[in-house]
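Here is the structure we will look at, set down as structure tokens.
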2 protein chains.
Amino acid sequence: MTVTPALTSAQTTPTQTTPTAARTTPASGRTTPAPVPTPRVQTTPTPDSISAPDLASLAGLLADRTRASICLALLDGRAWTATELAQHAGVARSTVTGHLHQLVAGGLLEEARQGRHRYVRLSGPATAEMIESLASHAPLRTTPVRSLRDANRRRALAHARSCYDHLAGAVAVAITDAMTERALLAWDYGPSLSEDGKAWLRDMGIDDHRPLGSCRAHIRTCLDWTERRPHLAGAVGAALFQRALDAGWVTRRGTTRGVELTDAGRAVFRTQLGLSDEVLSPPQG
Amino acid sequence: MTVTPALTSAQTTPTQTTPTAARTTPASGRTTPAPVPTPRVQTTPTPDSISAPDLASLAGLLADRTRASICLALLDGRAWTATELAQHAGVARSTVTGHLHQLVAGGLLEEARQGRHRYVRLSGPATAEMIESLASHAPLRTTPVRSLRDANRRRALAHARSCYDHLAGAVAVAITDAMTERALLAWDYGPSLSEDGKAWLRDMGIDDHRPLGSCRAHIRTCLDWTERRPHLAGAVGAALFQRALDAGWVTRRGTTRGVELTDAGRAVFRTQLGLSDEVLSPPQG
DNA sequence: GGGATATTTCGGTGCCCGCCGAACCGACCG
DNA sequence: CGGTCGGTTCGGCGGGCACCGAAATATCCC
């Protein structure tokens, strides 16, 4: 469950200067001149060290506006290059390089080198869910729309986009609502698939026996940023999205996080879930 | 869903110096001397401002070791005073005051004034779950056990303690395991109660009709820090813990987060779930 | 009212860290 | 092999912020 920096290199956070020792006596070493840590040499029947989560170091990785911007961008599930991220965040490439080092060392990101390119992506679904959880509790910061291009792009993203490994946007919310309406999805104690739901997934070409990862929550919901309502996520959501990609129901819009429904996809969701053309068609084509 | 700083005062983070404007042209205002923000006066059919989660500001609240320590302490669900927290975190009282202001302004904490005391607690289950989610992904920082008292206290906490609004520790994990074993709890698509489980809860004196909050996940699991295995959480976990307190199956250990099983509690969990005396009895009494 | 306690405010200090530009390295391409 | 491009390293700069102690304020108890 814990993030493991083991993948990339042995050293973890090399710049950090021994956080434990300097903090027992708070900040300036004025009070106790000689530490003398009470040399108690006892044979302990209990573990002689306890481990507590180092919340601050993890949160510190996300506490910078640039790093947060990077992580939010990576939430679309794709792999980005350092230059793309620099452009996205509006900082110099050299700055991004440093940030990526920290994020990789902290276990949030994984990197893959290809020639002169360095691709980074989130280190796994658990990481995405954690960032997701934090983001859904964060206050909203409104930014003005700068241009018409901008407005069009935002509208397309609000319609359908990828959210790490599953679908988000108005279409995803509509799918979730329709599944609930048809009793494929039950909400008695958190979201869960009904028997009908499991059968429906099979009909859609998704085998229901623990799709994908084993120890991760199989079905959960994710708060849609544009709709402010939940859409399907977790392994079930990921499997559904993957199936839609494989079957050609949706296609990615180039290299962006945007997603487009195909005619085949519209037909499937119209007949299978009764979605209206209004939600299925792209915003004012 | 979003944290609302509205409760405390109108001003939010007064020290922050206009984060948006200064960052469009990155840092030092060398490049573009005059901003001139393209006075596009268009009548937009789309919303002319979009809102994105301000991840960095929220994470920044948890990115300080002292504030993180405060939040982790508050995860036990009780209300603490500023002095208690200062002692716990090992910093001056005046320092804690400033931190509490930030946390309250950020919506993570709520305060209740009683005379000269200022009690603070987490602002709600959603906040607790978010911190929880972050903490379970954070790297572990091992701290040495300082004294025998320390060791005993830690051992007691590892046995049974409160985790915000539900039970944690070895006992909580054993309860969860036993419920799974007896098919009261199903894990097909995330944790969910079976029909037997709902009936069992009724037998235990908990009405299963949406106990407590409405829009919050009713059943979920929480990674136990000491056991590193999941225990029951969410509204169901909270209801079970509350019932146990009301019925006298468990009692809080003074004003700490420690929890003690009573003889009645041991009897109930032994007969109802078949828990062994080994897990039910306190560590080497 | 007077003293003790909890909390807050206010300067002041020092450090951490995000940022940039310039130089450098390595990969790819013609 | 020279040009281009993506990425990295390195000083250096500047701002934000966590910290403390002391003084001020509020509350409670006697």
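Residue numbers start at 1 in each chain; chains themselves are named A, B, ... in the order of the structure tokens; ligands are numbered from 1 in the order shown.
Neighbouring residues of Asp277 of chain A at 12 Å or closer, counting only C-alpha atoms (C1' of nucleotides) and skipping chain neighbours under 6 positions away, are Val171, Ala174, Leu261, Asp263, Gly265, Arg266, Ala267, Val268, Phe269, Arg270, Thr271 and Pro283 of chain A.
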As a ChimeraX atom specification, please: every residue in segment 56-199 of chain B that DSSP puts in strand (DSSP E).
/B:80-81,109-114,117-122,140-144,161-163,166-168,185-186,192-193
Report as a ChimeraX atom specification the set of chain B residues whose atoms approach chain C to within 8 Å, with distances computed over only C-alpha atoms (C1' of nucleotides).
/B:27,83,94,97,116-117
With 8 Å as the limit and counting only C-alpha atoms (C1' of nucleotides), what residues in chain B lie close to chain D? Please list them as a PDB file with N, CA and C atoms, in the first residue's frame.
```pdb
ATOM      1  N   ALA B  92       6.217  25.464  20.522  1.00  0.00           N
ATOM      2  CA  ALA B  92       5.671  26.458  21.438  1.00  0.00           C
ATOM      3  C   ALA B  92       4.172  26.639  21.201  1.00  0.00           C
ATOM      4  N   THR B  95       3.239  28.941  18.413  1.00  0.00           N
ATOM      5  CA  THR B  95       3.376  28.348  17.079  1.00  0.00           C
ATOM      6  C   THR B  95       2.124  27.574  16.702  1.00  0.00           C
ATOM      7  N   GLY B 115     -15.054  29.013  27.209  1.00  0.00           N
ATOM      8  CA  GLY B 115     -14.311  29.796  28.177  1.00  0.00           C
ATOM      9  C   GLY B 115     -12.952  30.136  27.631  1.00  0.00           C
ATOM     10  N   ARG B 116     -11.941  29.850  28.424  1.00  0.00           N
ATOM     11  CA  ARG B 116     -10.596  30.175  27.953  1.00  0.00           C
ATOM     12  C   ARG B 116      -9.987  29.040  27.143  1.00  0.00           C
TER      13      ARG B 116
END
```
Let me make sure I understand: among B:Ser136, B:Thr221, B:Gln102, B:Thr81, which one has the smallest atom-to-atom distance to chain A if we use only C-alpha atoms?
B:Ser136
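Nearest to chain B of all the residues A:Ala112, A:Ala186, A:Ala82, A:Leu167 is A:Ala186, counting only C-alpha atoms.
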Please give the complete set of residues from segment 105-252 of chain A that DSSP, run on the backbone, assigns to alpha helix (DSSP H), formatted as a ChimeraX atom specification.
/A:105,125-137,148-159,170-181,195-203,234-246
Quick one: residues within 9 Å of Ile219 of chain A, only C-alpha atoms (C1' of nucleotides), excluding same-chain residues fewer than 2 positions away - as a list in words?
Pro191, Ser192, Leu193, Arg216, Ala217, Thr221, Leu232, Ala233, Gly234, Ala235, Val236 and Gly237 of chain A; Tyr189 and Gly190 of chain B
Gap from atom CA of Arg121 of chain B to atom CA of Ala79 of chain B - Å, one decimal
4.6 Å
Atom pair atom CA of Val120 of chain B + atom CA of Trp80 of chain B, distance 5.5 Å
Residues within 10 Å of Met179 of chain A, please, as an NGL selection string. Count only C-alpha atoms (C1' of nucleotides); anything in the same chain fewer than 4 positions from it doesn't count.
:A and (173-175 or 183-186 or 193 or 197 or 200 or 232 or 272-274)
Quick one: write out the picked residues with C-alpha atoms as a PDB file, in the first residue's frame?
```pdb
ATOM      1  CA  VAL A 173     -21.864  10.724 -15.260  1.00  0.00           C
ATOM      2  CA  ALA A 174     -24.764   9.864 -17.557  1.00  0.00           C
ATOM      3  CA  ILE A 175     -23.559   6.276 -17.814  1.00  0.00           C
ATOM      4  CA  ALA A 183     -30.536  -1.201 -10.989  1.00  0.00           C
ATOM      5  CA  LEU A 184     -27.239  -2.376 -12.380  1.00  0.00           C
ATOM      6  CA  LEU A 185     -25.565  -0.347  -9.691  1.00  0.00           C
ATOM      7  CA  ALA A 186     -26.643  -0.400  -6.050  1.00  0.00           C
ATOM      8  CA  LEU A 193     -22.747  -4.106  -8.690  1.00  0.00           C
ATOM      9  CA  GLY A 197     -25.033  -5.402 -13.180  1.00  0.00           C
ATOM     10  CA  TRP A 200     -24.706  -6.663 -17.932  1.00  0.00           C
ATOM     11  CA  LEU A 232     -17.856   5.094 -12.055  1.00  0.00           C
ATOM     12  CA  GLN A 272     -27.766  -0.552 -23.780  1.00  0.00           C
ATOM     13  CA  LEU A 273     -28.430   2.246 -21.320  1.00  0.00           C
ATOM     14  CA  GLY A 274     -30.980   4.443 -23.061  1.00  0.00           C
TER      15      GLY A 274
END
```
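Ranking A:Pro139, A:Gly258, A:Pro125, A:Gly77 by their shortest atom-to-atom distance to chain B, with only C-alpha atoms included, puts A:Pro139 first.
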Near-segment 64-76 of chain A list (8 Å; only C-alpha atoms (C1' of nucleotides); drop same-chain fewer than 2 positions) as a VMD selection string:
(chain A and resid 60 to 62 78 to 80 85 88 to 89 91 99 103 121 to 122 128 131 to 132 161 to 165 257) or (chain B and resid 55 to 57 60)
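Nearest-residue note for chain B: choosing from A:Arg243, A:Arg253, A:Arg113, A:Arg141, the minimum distance belongs to A:Arg141, counting only C-alpha atoms.
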